[in-house]
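Undergrad: This is start16.txt (compact mmCIF, C-alpha atoms).
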# COMPACT_ATOMS: atom_id res chain seq x y z
CA MET R 11 102.42 -100.97 101.31
CA LYS R 12 105.57 -103.15 101.34
CA GLU R 13 103.54 -106.33 100.97
CA ALA R 14 101.63 -104.88 98.03
CA LEU R 15 104.67 -103.54 96.12
CA PRO R 16 105.35 -106.56 93.86
CA LEU R 17 101.72 -106.64 92.71
CA VAL R 18 101.61 -102.86 92.28
CA TRP R 19 104.75 -102.90 90.18
CA GLU R 20 103.37 -105.70 88.01
CA ALA R 21 100.13 -103.77 87.56
CA LEU R 22 102.06 -100.61 86.68
CA GLN R 23 103.96 -102.37 83.90
CA VAL R 24 100.71 -103.66 82.43
CA LYS R 25 99.17 -100.20 82.72
CA VAL R 26 102.10 -98.29 81.18
CA ASP R 27 102.42 -100.82 78.35
CA ARG R 28 98.77 -100.20 77.54
CA MET R 29 99.27 -96.43 77.81
CA ILE R 30 102.04 -96.60 75.19
CA GLU R 31 99.53 -98.08 72.75
CA GLN R 32 96.71 -95.72 73.76
CA LEU R 33 98.69 -92.47 73.85
CA GLY R 34 100.82 -92.91 70.75
CA ASP R 35 102.52 -89.57 70.07
CA LYS R 36 100.23 -87.55 72.34
CA SER R 37 101.63 -85.16 74.94
CA PRO R 38 99.13 -85.75 77.75
CA HIS R 39 97.99 -83.40 80.48
CA VAL R 40 94.40 -84.11 81.57
CA ALA R 41 92.07 -87.10 81.20
CA LYS R 42 88.47 -86.23 82.06
CA GLU R 43 85.33 -88.33 82.44
CA ASN R 44 85.89 -90.34 79.28
CA GLY R 45 89.34 -91.41 80.51
CA VAL R 46 91.08 -90.22 77.34
CA TYR R 47 94.15 -88.02 77.75
CA ASP R 48 94.28 -84.78 75.77
CA ASP R 49 97.20 -83.80 73.54
CA MET R 50 99.03 -80.59 74.42
CA ARG R 51 101.70 -78.64 72.57
CA HIS R 52 105.31 -79.55 73.30
CA ASP R 53 106.08 -76.34 75.17
CA TRP R 54 103.22 -76.92 77.62
CA TRP R 55 104.58 -77.31 81.15
CA THR R 56 103.44 -80.92 81.62
CA SER R 57 105.04 -82.29 78.45
CA GLY R 58 107.97 -83.99 80.20
CA PHE R 59 106.02 -86.17 82.61
CA TRP R 60 104.87 -88.93 80.25
CA PRO R 61 108.36 -89.55 78.83
CA GLY R 62 109.63 -89.32 82.42
CA ILE R 63 107.42 -92.27 83.34
CA LEU R 64 108.84 -94.19 80.39
CA TRP R 65 112.47 -93.51 81.37
CA ILE R 66 111.86 -94.66 84.94
CA MET R 67 110.17 -97.81 83.69
CA HIS R 68 113.11 -98.45 81.37
CA GLU R 69 115.67 -98.06 84.12
CA MET R 70 113.72 -100.21 86.57
CA THR R 71 113.01 -103.04 84.12
CA GLY R 72 115.72 -102.80 81.46
CA LYS R 73 113.02 -103.22 78.81
CA GLU R 74 113.85 -101.56 75.53
CA HIS R 75 110.33 -100.65 74.46
CA TYR R 76 110.14 -98.05 77.23
CA LYS R 77 113.42 -96.52 76.06
CA LYS R 78 112.23 -96.52 72.46
CA ALA R 79 109.01 -94.71 73.37
CA ALA R 80 110.87 -92.12 75.46
CA TRP R 81 113.86 -91.46 73.23
CA SER R 82 112.78 -88.63 70.93
CA TRP R 83 110.97 -86.34 73.37
CA ASP R 84 113.89 -84.05 74.23
CA GLU R 85 114.57 -83.61 70.51
CA LYS R 86 110.96 -82.45 70.06
CA PHE R 87 111.39 -79.95 72.88
CA GLU R 88 114.60 -78.58 71.39
CA LYS R 89 112.92 -78.03 68.03
CA LYS R 90 110.20 -76.06 69.76
CA MET R 91 112.84 -73.91 71.46
CA VAL R 92 113.87 -72.35 68.15
CA GLU R 93 110.28 -71.53 67.15
CA ALA R 94 107.77 -69.15 68.69
CA ASN R 95 107.05 -70.81 72.03
CA ASN R 96 105.90 -70.32 75.61
CA TYR R 97 108.71 -71.95 77.58
CA HIS R 98 109.16 -70.40 81.03
CA HIS R 99 110.06 -71.29 84.62
CA ASP R 100 108.99 -74.93 84.15
CA VAL R 101 111.74 -76.05 81.76
CA GLY R 102 113.02 -78.28 84.57
CA PHE R 103 109.74 -80.20 84.43
CA GLN R 104 110.32 -80.67 80.70
CA PHE R 105 114.04 -81.35 80.32
CA LEU R 106 114.92 -83.16 83.57
CA PRO R 107 112.73 -86.23 82.88
CA THR R 108 113.73 -86.28 79.20
CA ALA R 109 117.13 -84.87 78.21
CA VAL R 110 118.86 -85.13 81.59
CA ILE R 111 117.73 -88.63 82.51
CA LYS R 112 118.42 -89.77 78.94
CA TYR R 113 121.99 -88.55 79.29
CA LYS R 114 122.38 -90.09 82.75
CA LEU R 115 121.12 -93.49 81.61
CA THR R 116 122.63 -93.70 78.12
CA GLY R 117 125.44 -91.14 77.94
CA ASP R 118 123.67 -89.43 75.04
CA GLN R 119 125.58 -86.20 74.39
CA ASP R 120 122.62 -84.50 72.74
CA GLY R 121 120.65 -85.09 75.93
CA LYS R 122 123.44 -83.46 77.94
CA ARG R 123 123.58 -80.50 75.55
CA ARG R 124 119.81 -80.01 75.67
CA GLY R 125 119.77 -80.22 79.45
CA LEU R 126 122.48 -77.57 79.74
CA PHE R 127 120.65 -75.41 77.21
CA ALA R 128 117.49 -75.56 79.34
CA ALA R 129 119.50 -74.70 82.46
CA ASN R 130 120.96 -71.67 80.71
CA PHE R 131 117.46 -70.64 79.66
CA LEU R 132 116.27 -70.85 83.26
CA THR R 133 119.17 -68.76 84.58
CA GLY R 134 118.08 -66.03 82.17
CA ARG R 135 114.83 -65.72 84.14
CA PHE R 136 116.62 -64.79 87.37
CA ASN R 137 115.79 -61.38 88.83
CA LEU R 138 118.94 -60.13 90.53
CA ALA R 139 117.26 -57.43 92.63
CA GLY R 140 114.61 -59.72 94.07
CA GLN R 141 116.67 -62.96 94.02
CA PHE R 142 113.91 -64.96 92.37
CA LEU R 143 113.15 -66.84 89.18
CA ARG R 144 110.44 -65.11 87.22
CA ALA R 145 107.23 -67.04 86.64
CA TRP R 146 105.40 -67.29 83.32
CA ASN R 147 105.71 -64.72 80.53
CA GLN R 148 103.81 -61.68 79.22
CA GLU R 149 103.06 -58.99 81.81
CA LYS R 150 103.85 -61.00 84.96
CA ILE R 151 107.38 -59.62 85.19
CA GLY R 152 107.62 -59.53 88.98
CA TRP R 153 105.77 -62.75 89.76
CA SER R 154 107.38 -65.86 91.20
CA ILE R 155 105.73 -69.14 92.20
CA VAL R 156 106.48 -71.96 94.60
CA ASP R 157 106.29 -74.49 91.74
CA SER R 158 109.77 -73.30 90.70
CA SER R 159 111.17 -75.13 93.75
CA MET R 160 110.90 -78.28 91.66
CA ASN R 161 112.75 -76.80 88.70
CA LEU R 162 115.89 -75.92 90.65
CA SER R 163 117.31 -79.41 90.23
CA ILE R 164 118.23 -78.69 86.61
CA LEU R 165 120.41 -75.80 87.81
CA PHE R 166 122.17 -77.92 90.42
CA TRP R 167 122.68 -80.72 87.89
CA ALA R 168 124.09 -78.22 85.39
CA ALA R 169 126.49 -76.85 88.00
CA GLN R 170 127.84 -80.34 88.64
CA GLU R 171 127.95 -81.34 84.99
CA SER R 172 129.61 -78.17 83.72
CA ALA R 173 131.69 -77.31 86.82
CA ASP R 174 130.21 -73.80 86.47
CA PRO R 175 129.07 -72.58 89.91
CA ARG R 176 126.84 -69.82 88.55
CA PHE R 177 124.04 -72.35 88.11
CA GLU R 178 124.26 -73.32 91.78
CA HIS R 179 124.49 -69.68 92.86
CA ILE R 180 121.20 -68.90 91.14
CA GLY R 181 119.56 -72.10 92.34
CA LYS R 182 120.48 -71.41 95.96
CA ALA R 183 119.48 -67.74 95.69
CA HIS R 184 115.98 -68.70 94.56
CA ALA R 185 115.80 -71.47 97.18
CA ASP R 186 116.70 -68.88 99.84
CA THR R 187 113.81 -66.73 98.62
CA VAL R 188 111.49 -69.73 98.93
CA VAL R 189 112.63 -70.30 102.51
CA GLU R 190 112.34 -66.63 103.45
CA HIS R 191 109.17 -65.57 101.65
CA PHE R 192 107.20 -68.54 100.35
CA ILE R 193 107.29 -70.87 103.36
CA ARG R 194 105.39 -69.39 106.29
CA GLU R 195 106.36 -69.89 109.92
CA ASP R 196 103.82 -72.69 110.43
CA GLY R 197 104.97 -74.59 107.36
CA SER R 198 102.15 -73.51 105.07
CA VAL R 199 103.14 -72.06 101.71
CA ASN R 200 102.29 -69.13 99.46
CA HIS R 201 101.62 -70.04 95.84
CA ILE R 202 102.38 -66.76 94.03
CA LEU R 203 104.37 -63.79 95.29
CA SER R 204 104.55 -60.46 93.50
CA PHE R 205 107.79 -58.47 93.67
CA ASP R 206 108.72 -55.08 92.31
CA PRO R 207 110.86 -56.23 89.37
CA ARG R 208 113.14 -53.18 89.60
CA SER R 209 113.74 -52.88 93.33
CA GLY R 210 113.11 -56.53 94.23
CA GLU R 211 110.82 -55.50 97.09
CA LEU R 212 108.10 -57.97 98.01
CA ILE R 213 104.67 -56.51 97.23
CA GLU R 214 102.07 -59.15 98.10
CA SER R 215 100.93 -62.75 98.13
CA LEU R 216 98.42 -63.77 95.45
CA GLY R 217 95.94 -66.60 95.73
CA GLY R 218 96.89 -68.35 92.51
CA GLN R 219 95.50 -71.87 92.44
CA GLY R 220 94.74 -71.76 96.15
CA ALA R 221 91.59 -70.47 97.83
CA GLY R 222 93.13 -67.06 98.52
CA PRO R 223 96.31 -65.11 99.30
CA GLN R 224 96.67 -66.66 102.77
CA SER R 225 95.34 -70.10 101.92
CA SER R 226 97.25 -73.36 101.72
CA TRP R 227 97.06 -74.93 98.27
CA SER R 228 98.04 -78.56 98.80
CA ARG R 229 99.99 -79.05 95.58
CA GLY R 230 101.98 -75.91 96.39
CA GLN R 231 102.80 -77.54 99.72
CA ALA R 232 103.99 -80.63 97.84
CA TRP R 233 106.12 -78.59 95.40
CA ALA R 234 107.86 -76.88 98.34
CA LEU R 235 108.33 -80.08 100.34
CA HIS R 236 109.80 -82.06 97.46
CA GLY R 237 111.74 -79.12 96.03
CA MET R 238 113.46 -78.22 99.29
CA ALA R 239 114.32 -81.87 99.94
CA ASN R 240 115.90 -82.01 96.47
CA THR R 241 117.79 -78.77 97.12
CA TYR R 242 119.22 -80.25 100.31
CA ARG R 243 120.32 -83.37 98.41
CA TYR R 244 122.24 -81.27 95.91
CA THR R 245 123.68 -78.65 98.29
CA GLY R 246 123.98 -80.34 101.67
CA ASP R 247 122.78 -77.11 103.31
CA THR R 248 120.64 -78.06 106.30
CA LYS R 249 118.44 -74.96 106.10
CA TYR R 250 116.74 -76.54 103.10
CA LEU R 251 116.33 -79.82 104.97
CA HIS R 252 114.74 -77.99 107.89
CA ALA R 253 112.46 -76.11 105.49
CA ALA R 254 111.34 -79.36 103.85
CA ARG R 255 110.60 -80.91 107.23
CA ARG R 256 108.56 -77.89 108.35
CA VAL R 257 106.42 -78.08 105.24
CA ALA R 258 106.11 -81.86 105.59
CA HIS R 259 104.87 -81.59 109.18
CA TYR R 260 102.22 -79.06 108.18
CA PHE R 261 101.16 -81.18 105.18
CA LEU R 262 100.81 -84.34 107.24
CA ALA R 263 98.92 -82.55 110.02
CA CYS R 264 96.33 -81.38 107.47
CA LEU R 265 95.63 -84.72 105.81
CA PRO R 266 92.18 -86.33 106.10
CA GLU R 267 91.69 -89.87 107.35
CA ASP R 268 92.46 -91.50 104.01
CA TYR R 269 95.78 -89.59 103.64
CA VAL R 270 94.85 -88.06 100.27
CA ALA R 271 95.02 -84.28 100.39
CA HIS R 272 92.14 -81.97 99.70
CA TRP R 273 92.77 -79.31 97.06
CA ASP R 274 93.38 -76.57 99.67
CA PHE R 275 93.96 -76.99 103.39
CA ARG R 276 92.45 -73.58 104.27
CA ALA R 277 89.45 -73.25 101.98
CA ASP R 278 86.34 -71.75 103.57
CA GLU R 279 83.98 -74.53 102.56
CA SER R 280 83.39 -77.64 104.65
CA LEU R 281 86.18 -80.14 103.99
CA GLU R 282 83.60 -82.73 102.96
CA CYS R 283 82.69 -80.50 100.01
CA LEU R 284 86.23 -79.97 98.78
CA PRO R 285 87.74 -82.05 95.99
CA ARG R 286 90.84 -84.12 96.62
CA ASP R 287 94.02 -83.68 94.66
CA THR R 288 95.80 -86.96 94.08
CA SER R 289 98.60 -85.11 92.26
CA ALA R 290 99.42 -83.24 95.48
CA ALA R 291 99.41 -86.58 97.29
CA THR R 292 101.81 -88.29 94.87
CA CYS R 293 104.28 -85.40 94.73
CA ALA R 294 104.26 -85.11 98.51
CA ALA R 295 104.75 -88.87 98.91
CA SER R 296 107.78 -88.78 96.63
CA GLY R 297 109.13 -85.78 98.56
CA LEU R 298 108.59 -87.55 101.87
CA LEU R 299 110.64 -90.49 100.60
CA GLU R 300 113.36 -88.01 99.60
CA LEU R 301 113.29 -86.64 103.14
CA ALA R 302 113.46 -90.12 104.63
CA ASP R 303 116.57 -90.94 102.60
CA ALA R 304 118.23 -87.69 103.72
CA LEU R 305 117.93 -88.54 107.41
CA PRO R 306 119.16 -91.25 109.76
CA ALA R 307 116.90 -94.29 109.62
CA VAL R 308 115.18 -93.62 112.94
CA GLU R 309 114.31 -90.02 112.01
CA GLY R 310 113.43 -90.84 108.43
CA ALA R 311 111.02 -93.62 109.36
CA LEU R 312 108.27 -91.10 110.16
CA TYR R 313 108.33 -89.72 106.62
CA ARG R 314 108.67 -93.12 104.97
CA ARG R 315 105.67 -94.51 106.83
CA ALA R 316 103.60 -91.47 105.90
CA ALA R 317 104.55 -91.81 102.23
CA GLU R 318 103.61 -95.48 102.30
CA ARG R 319 100.20 -94.69 103.82
CA ILE R 320 99.53 -92.10 101.12
CA LEU R 321 100.59 -94.45 98.34
CA LEU R 322 98.58 -97.35 99.75
CA SER R 323 95.44 -95.20 99.84
CA LEU R 324 96.04 -94.03 96.27
CA THR R 325 96.65 -97.59 95.12
CA GLN R 326 93.52 -98.97 96.76
CA ASN R 327 91.09 -96.11 96.21
CA TYR R 328 92.13 -93.98 93.21
CA ALA R 329 93.93 -96.25 90.71
CA THR R 330 92.41 -97.44 87.43
CA TRP R 331 93.66 -101.02 87.54
CA ASP R 332 90.18 -102.34 86.71
CA GLN R 333 89.57 -99.78 83.95
CA PRO R 334 91.78 -100.85 81.03
CA GLU R 335 90.12 -98.33 78.70
CA HIS R 336 91.17 -95.44 80.99
CA GLU R 337 94.44 -93.90 79.77
CA ALA R 338 95.62 -92.59 83.15
CA ILE R 339 96.88 -94.33 86.28
CA LEU R 340 95.11 -92.28 88.95
CA LEU R 341 91.76 -90.55 89.34
CA GLY R 342 90.84 -87.70 91.67
CA GLY R 343 93.19 -84.92 90.59
CA THR R 344 92.39 -81.22 90.80
CA GLY R 345 94.06 -78.83 88.38
CA ASN R 346 92.90 -75.25 88.98
CA PHE R 347 89.86 -75.13 91.26
CA PRO R 348 89.48 -71.32 91.45
CA ALA R 349 89.32 -71.16 87.65
CA GLY R 350 86.91 -74.09 87.49
CA GLN R 351 89.39 -76.05 85.40
CA ASN R 352 90.16 -79.77 85.56
CA ILE R 353 88.37 -80.82 88.75
CA ASP R 354 88.15 -84.53 89.65
CA VAL R 355 90.23 -85.60 86.67
CA SER R 356 93.41 -87.54 85.95
CA LEU R 357 96.61 -85.50 85.68
CA ILE R 358 99.80 -86.74 84.03
CA TYR R 359 102.01 -85.24 86.74
CA GLY R 360 99.97 -87.12 89.35
CA ASP R 361 100.69 -90.29 87.40
CA TYR R 362 104.37 -89.40 87.10
CA TYR R 363 104.97 -88.82 90.81
CA TYR R 364 103.08 -92.00 91.64
CA VAL R 365 105.46 -93.99 89.43
CA GLU R 366 108.45 -92.08 90.83
CA ALA R 367 107.41 -92.76 94.43
CA ILE R 368 106.72 -96.47 93.82
CA ALA R 369 110.11 -96.75 92.10
CA LYS R 370 111.77 -95.12 95.13
CA LEU R 371 110.14 -97.67 97.43
CA LEU R 372 111.62 -100.36 95.18
CA GLY R 373 115.10 -98.87 95.52
CA TRP R 374 115.33 -96.43 92.60
CA LYS R 375 118.18 -94.01 93.33
CA ASN R 376 118.85 -92.27 90.01
CA ARG R 377 117.06 -89.09 91.05
CA ILE R 378 116.48 -86.43 88.43
CA PHE R 379 114.30 -83.98 90.37
For the structure just supplied, provide its representation as structure tokens.
TA:
Amino acid sequence: MKEALPLVWEALQVKVDRMIEQLGDKSPHVAKENGVYDDMRHDWWTSGFWPGILWIMHEMTGKEHYKKAAWSWDEKFEKKMVEANNYHHDVGFQFLPTAVIKYKLTGDQDGKRRGLFAANFLTGRFNLAGQFLRAWNQEKIGWSIVDSSMNLSILFWAAQESADPRFEHIGKAHADTVVEHFIREDGSVNHILSFDPRSGELIESLGGQGAGPQSSWSRGQAWALHGMANTYRYTGDTKYLHAARRVAHYFLACLPEDYVAHWDFRADESLECLPRDTSAATCAASGLLELADALPAVEGALYRRAAERILLSLTQNYATWDQPEHEAILLGGTGNFPAGQNIDVSLIYGDYYYVEAIAKLLGWKNRIF
């Protein structure tokens, strides 16, 4: 992968420049067979990933057109906050790659304010009895999901920025619940857990986007791997590092020959019949690079080499370099297989973590997640 990096980075700039023209003001989530990204509402959980790509490209290149295209997204999200909306546990996915990185790169005080506002919103979802961040809205009062591992970074950032430890207290409390209840002994991961919202008692594991309650949804594995590595970076507590490594070992042991994860590692069907999920692959690759940086060079080399193999396979076999009309970077994503939604498509978060991981290989250190 090292030898290919200069060409990959050149191709990415060409691709993202074209995406700016193709996407315009769209908030993309899924691109299906026609290669055209959809346009979701601003409170949809994926809305931060496209501007996140733009901010990384701006920082890595210094080119102003990326900054210009990314600039207004956190303002749009703030406006939606004061209307009827469906913001929930995923505000980290929305405000970290927009408001927070904008503040870190430019010193914009509105970006800082919006990031702290989102962190405060997330703390309000904390269930004290069960020590978890509530997932979604409506009737799912006692549900929590492993995806929230990736949203904890906004709490740790807020604790540092505001010198208010309550953000870190809540972030670590939820991370402890992930370690205790979401990550199984073998390193596989539950997607959804149901708790009694009054007593905090764990009730059951739910299948969610995996094949079943005891299955191993690959993107959930990636969320846990990357999220626990991030939590270690912010806290320095080695239990999160050990948790990330346990999940990483399980993830790597389950990969097929081309290093691109199937949708679920424990589905009943023959593996040859299961769709891949390139979004799980990219998020895991970025998390593996985070792990590698957290460890001495000799120990970290295992994870770095694995990330490079994943990214090389994605680059050679799933990228749209030769499809200029296609608005996404990667093919082969799986959204929600049990619901029959978004299978073998392009996903904006798969694109985002691909760009993030390539940037890390090129030395990017201004982590936001």
Undergrad: Using all atoms listed in the file, can you tell me which of R:Tyr97, R:Tyr269, R:Phe177, R:Trp83 comes closest to Arg319 in chain R?
TA: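 Using all atoms listed in the file, the shortest distance to Arg319 in chain R belongs to R:Tyr269.
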Undergrad: Would you compute the distance between CA of Leu216 in chain R and CA of Ser159 in chain R? Give it in Å to one decimal.
TA: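 According to the coordinates, CA of Leu216 in chain R and CA of Ser159 in chain R are separated by 17.2 Å.
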Undergrad: Go ahead and compute the interatomic distance for CA of Gly134 in chain R and CA of Gln119 in chain R, in Å to one decimal.
TA: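 Computed distance, CA of Gly134 in chain R to CA of Gln119 in chain R, equals 22.9 Å.
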Undergrad: To one decimal in Å, tell me the separation between CA of Asn352 in chain R and CA of Asp287 in chain R.
TA: 10.6 Å
Undergrad: Please identify all polymer residues lying at most 12 Å from the point (101.6, -84.8, 95.8) (file coordinates), using all atoms listed in the file, and present the result as a PyMOL selection string.
TA: chain R and resi 227-237+258+261-262+265+269-273+286-299+317+320-321+324+342-344+357+359-367
Undergrad: Counting all atoms listed in the file, find residues at most 12 Å from (110.6, -90.8, 108.5) (file frame) and give them as number ranges by chain.
TA: R: 255, 258-259, 262, 295, 297-318
Undergrad: Which is closest to Val189 in chain R among R:Leu322, R:Met238, R:Leu115, R:Ala139, if we use all atoms listed in the file?
TA: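 Checking each candidate against Val189 in chain R, we get R:Met238 as the closest.
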Undergrad: Give me the residues near Val18 in chain R as a ChimeraX atom specification, where near means some atom within 9 Å (using all atoms listed in the file) and where sequence neighbours in that chain fewer than 4 positions away do not count.
TA: /R:14,22-23,325,368
Undergrad: When distances are computed from only C-alpha atoms, which of R:His52, R:Ala338, R:Asn130, R:Met160 shows the smallest separation from Ile30 in chain R?
TA: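 Among R:His52, R:Ala338, R:Asn130, R:Met160, it is R:Ala338 that comes nearest to Ile30 in chain R.
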Undergrad: If we count all atoms listed in the file and set the cut-off at 9 Å, which residues sit around range 57-67 of chain R, ignoring sequence neighbours fewer than 4 positions away in its own chain? Please answer as a PyMOL selection string.
TA: chain R and resi 23+26+30+37-39+50-53+71-73+75-81+83-84+87+101-108+111-112+115+358-359+361-363+365-366+369+374+376
Undergrad: Write the residues you've just listed into a file as a short mmCIF file (atom, residue, chain, number, x, y, z; two decimals), in the frame of the given file, and include C-alpha atoms for each of them.
TA:
data_model
loop_
_atom_site.label_atom_id
_atom_site.label_comp_id
_atom_site.auth_asym_id
_atom_site.auth_seq_id
_atom_site.Cartn_x
_atom_site.Cartn_y
_atom_site.Cartn_z
CA GLN R 23 103.96 -102.37 83.90
CA VAL R 26 102.10 -98.29 81.18
CA ILE R 30 102.04 -96.60 75.19
CA SER R 37 101.63 -85.16 74.94
CA PRO R 38 99.13 -85.75 77.75
CA HIS R 39 97.99 -83.40 80.48
CA MET R 50 99.03 -80.59 74.42
CA ARG R 51 101.70 -78.64 72.57
CA HIS R 52 105.31 -79.55 73.30
CA ASP R 53 106.08 -76.34 75.17
CA THR R 71 113.01 -103.04 84.12
CA GLY R 72 115.72 -102.80 81.46
CA LYS R 73 113.02 -103.22 78.81
CA HIS R 75 110.33 -100.65 74.46
CA TYR R 76 110.14 -98.05 77.23
CA LYS R 77 113.42 -96.52 76.06
CA LYS R 78 112.23 -96.52 72.46
CA ALA R 79 109.01 -94.71 73.37
CA ALA R 80 110.87 -92.12 75.46
CA TRP R 81 113.86 -91.46 73.23
CA TRP R 83 110.97 -86.34 73.37
CA ASP R 84 113.89 -84.05 74.23
CA PHE R 87 111.39 -79.95 72.88
CA VAL R 101 111.74 -76.05 81.76
CA GLY R 102 113.02 -78.28 84.57
CA PHE R 103 109.74 -80.20 84.43
CA GLN R 104 110.32 -80.67 80.70
CA PHE R 105 114.04 -81.35 80.32
CA LEU R 106 114.92 -83.16 83.57
CA PRO R 107 112.73 -86.23 82.88
CA THR R 108 113.73 -86.28 79.20
CA ILE R 111 117.73 -88.63 82.51
CA LYS R 112 118.42 -89.77 78.94
CA LEU R 115 121.12 -93.49 81.61
CA ILE R 358 99.80 -86.74 84.03
CA TYR R 359 102.01 -85.24 86.74
CA ASP R 361 100.69 -90.29 87.40
CA TYR R 362 104.37 -89.40 87.10
CA TYR R 363 104.97 -88.82 90.81
CA VAL R 365 105.46 -93.99 89.43
CA GLU R 366 108.45 -92.08 90.83
CA ALA R 369 110.11 -96.75 92.10
CA TRP R 374 115.33 -96.43 92.60
CA ASN R 376 118.85 -92.27 90.01
#
Undergrad: Go through R:Asn161, R:Gly246, R:Asp274, R:Ala253 and flag the residue nearest His201 in chain R, using all atoms listed in the file for the distances.
TA: R:Asp274
Undergrad: Using only C-alpha atoms, which of R:Ile339, R:Leu126, R:Ala94, R:Leu372 sits nearest Arg28 in chain R?
TA: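 The answer is R:Ile339, which sits nearest to Arg28 in chain R.
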Undergrad: Ranking R:Gly125, R:Pro334, R:Gly210, R:Pro285 by minimum distance to Glu171 in chain R and counting all atoms listed in the file, which one comes first?
TA: R:Gly125
Undergrad: Give me, as a list of chain:residue names, all polymer residues having an atom no more than 10 Å from His99 in chain R, counting all atoms listed in the file and skipping those fewer than 5 positions away in the same chain.
TA: R:Trp55, R:Phe131, R:Leu132, R:Thr133, R:Gly134, R:Arg135, R:Phe136, R:Leu143, R:Arg144, R:Ala145, R:Trp146, R:Asn147, R:Ser154, R:Ile155, R:Asp157, R:Ser158, R:Ser159, R:Met160, R:Asn161, R:Leu162
